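One structure is given here, and the rest of the page talks about it.
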Amino acid sequence: MIPKELAIIAAKALDEKKGREISAIQVTEQTTLADYFVIATGSSNTQINALSGAVEKAMKEQAGEDPLRREGYREGTWVLLDYGCVVVHIFSEEAREFYALERLWHDGTPLDLSGVLTRD
């Protein structure tokens with residue numbers, strides 16, 4: 001699968017579990033860290049963990065992908081799932097405001113998720 005398809009799988013999984021403010025940014029031209037960042041907000045530590053579980057399940061079932069790295073799961077305020085070409089960030093509201101990844105990566109190209117997400 002191409003990175004864009006993986007980013008869409010992650011965004012759909014976040015949407016299905018009621019993640020908020022879901023966005024995806026293509027950062028291919030800005031960094032070698034990944035091709036896409038997928039970002040979402042969870043309303044509680046429990047929901048953040050459920051969102052990360054939903055992404056892991058969808059990526060495994062639909063693309064045969066396991067994360068290369070998983071960070072922050074225990075803290076529950078920011079979970080990072082690294083799939084190499086796609087990095088998924090799931091934040092608490094406060095952490096998302098603090099780290100402001102959309103502002104930091106504003107030179108990236110937003111991925112249009114309007115036909116993908118059922119919410120937002």
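Chain labels run A, B, ... following the order of the structure tokens; each chain numbers its residues from 1, and ligands are numbered from 1 in the order shown.
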Would you write out, as a tab-separated table, a table of all residues in region 78-117 of chain A that have an atom no more than 8 Å from an atom of region 42-57 of chain A, listing for each the closest atom pair and the distance in Å to one decimal, considering only C-alpha atoms and ordering rows by chain and rising residue number?
```
residue	atom	partner	partner_atom	distance
A:Trp78	CA	A:Ile48	CA	7.7
A:Val79	CA	A:Ser52	CA	7.0
A:Leu81	CA	A:Ser52	CA	7.6
A:Ile90	CA	A:Ile48	CA	6.4
A:Phe91	CA	A:Gly42	CA	6.0
A:Ser92	CA	A:Gly42	CA	5.4
A:Glu93	CA	A:Gly42	CA	6.9
```
Original post:
Do you know which residues are at most 10 Å from Leu111 (chain A) counting only C-alpha atoms, after dropping those on the same chain fewer than 6 positions away, and could you put them as an MDAnalysis selection string?
Top reply: chainID A and resid 4 7:8 23:26 36:38
Subject >> DSSP-assigned strand (DSSP E) among chain A, expressed as a list in words >> reply: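 Selecting the strand (DSSP E) positions of chain A gives Arg20, Glu21, Ile22, Ser23, Ala24, Ile25, Gln26, Tyr36, Phe37, Val38, Ile39, Ala40, Thr41, Arg69, Arg70, Glu71, Trp78, Val79, Leu80, Leu81, Asp82, Val86, Val87, Val88, His89, Ile90, Phe91, Thr109 and Pro110 of chain A.
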Filtering to C-alpha atoms, could you give me those residues as a short mmCIF file (atom, residue, chain, number, x, y, z; two decimals), in the first residue's frame?
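Wrote it out as result_9.cif, contents follow:
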```
data_model
loop_
_atom_site.label_atom_id
_atom_site.label_comp_id
_atom_site.auth_asym_id
_atom_site.auth_seq_id
_atom_site.Cartn_x
_atom_site.Cartn_y
_atom_site.Cartn_z
CA ARG A 20 -11.99 14.47 17.23
CA GLU A 21 -10.31 17.03 14.98
CA ILE A 22 -8.77 14.36 12.75
CA SER A 23 -6.29 15.67 10.22
CA ALA A 24 -3.52 14.35 8.03
CA ILE A 25 -0.56 16.28 6.67
CA GLN A 26 1.76 15.18 3.88
CA TYR A 36 2.22 11.61 6.46
CA PHE A 37 1.34 12.65 9.98
CA VAL A 38 -2.18 11.71 11.06
CA ILE A 39 -3.37 13.69 14.09
CA ALA A 40 -6.42 13.29 16.33
CA THR A 41 -7.71 14.30 19.73
CA ARG A 69 7.33 1.85 17.42
CA ARG A 70 4.69 2.81 19.95
CA GLU A 71 5.31 5.62 22.42
CA TRP A 78 -0.10 11.50 23.68
CA VAL A 79 0.26 8.21 21.87
CA LEU A 80 2.54 7.98 18.86
CA LEU A 81 2.27 5.05 16.45
CA ASP A 82 5.15 4.93 13.97
CA VAL A 86 2.93 7.24 8.41
CA VAL A 87 3.11 8.48 11.99
CA VAL A 88 -0.14 8.66 13.97
CA HIS A 89 -0.36 11.16 16.85
CA ILE A 90 -3.28 10.85 19.26
CA PHE A 91 -3.41 13.66 21.82
CA THR A 109 0.14 19.65 2.44
CA PRO A 110 -3.15 18.87 4.22
#
```
Subject >> All alpha helix (DSSP H) positions in region 29-63 of chain A, as number ranges by chain >> reply: A: 45-63
Subject >> Pick from A:Glu102, A:Ala58, A:Thr77, A:Thr28 nearest to Ala13 (chain A), counting only C-alpha atoms >> reply: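 Residue with the minimum atom-to-atom distance to Ala13 (chain A): A:Ala58.
Closest approach to Tyr83 (chain A) among A:Glu97, A:Asp112, A:Asp107, A:Asp35: A:Asp35, based on only C-alpha atoms.
The two atoms in question, CA of Thr118 (chain A) and CA of Glu16 (chain A), are spaced 8.0 Å apart.
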**OP:** Please measure the separation of CA of Gly64 (chain A) and CA of Arg96 (chain A), giving the value in Å to one decimal.
**Re:**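 So the two atoms, CA of Gly64 (chain A) and CA of Arg96 (chain A), lie 28.7 Å apart.
The space separating CA of Gln30 (chain A) from CA of Met1 (chain A) comes to 21.7 Å.
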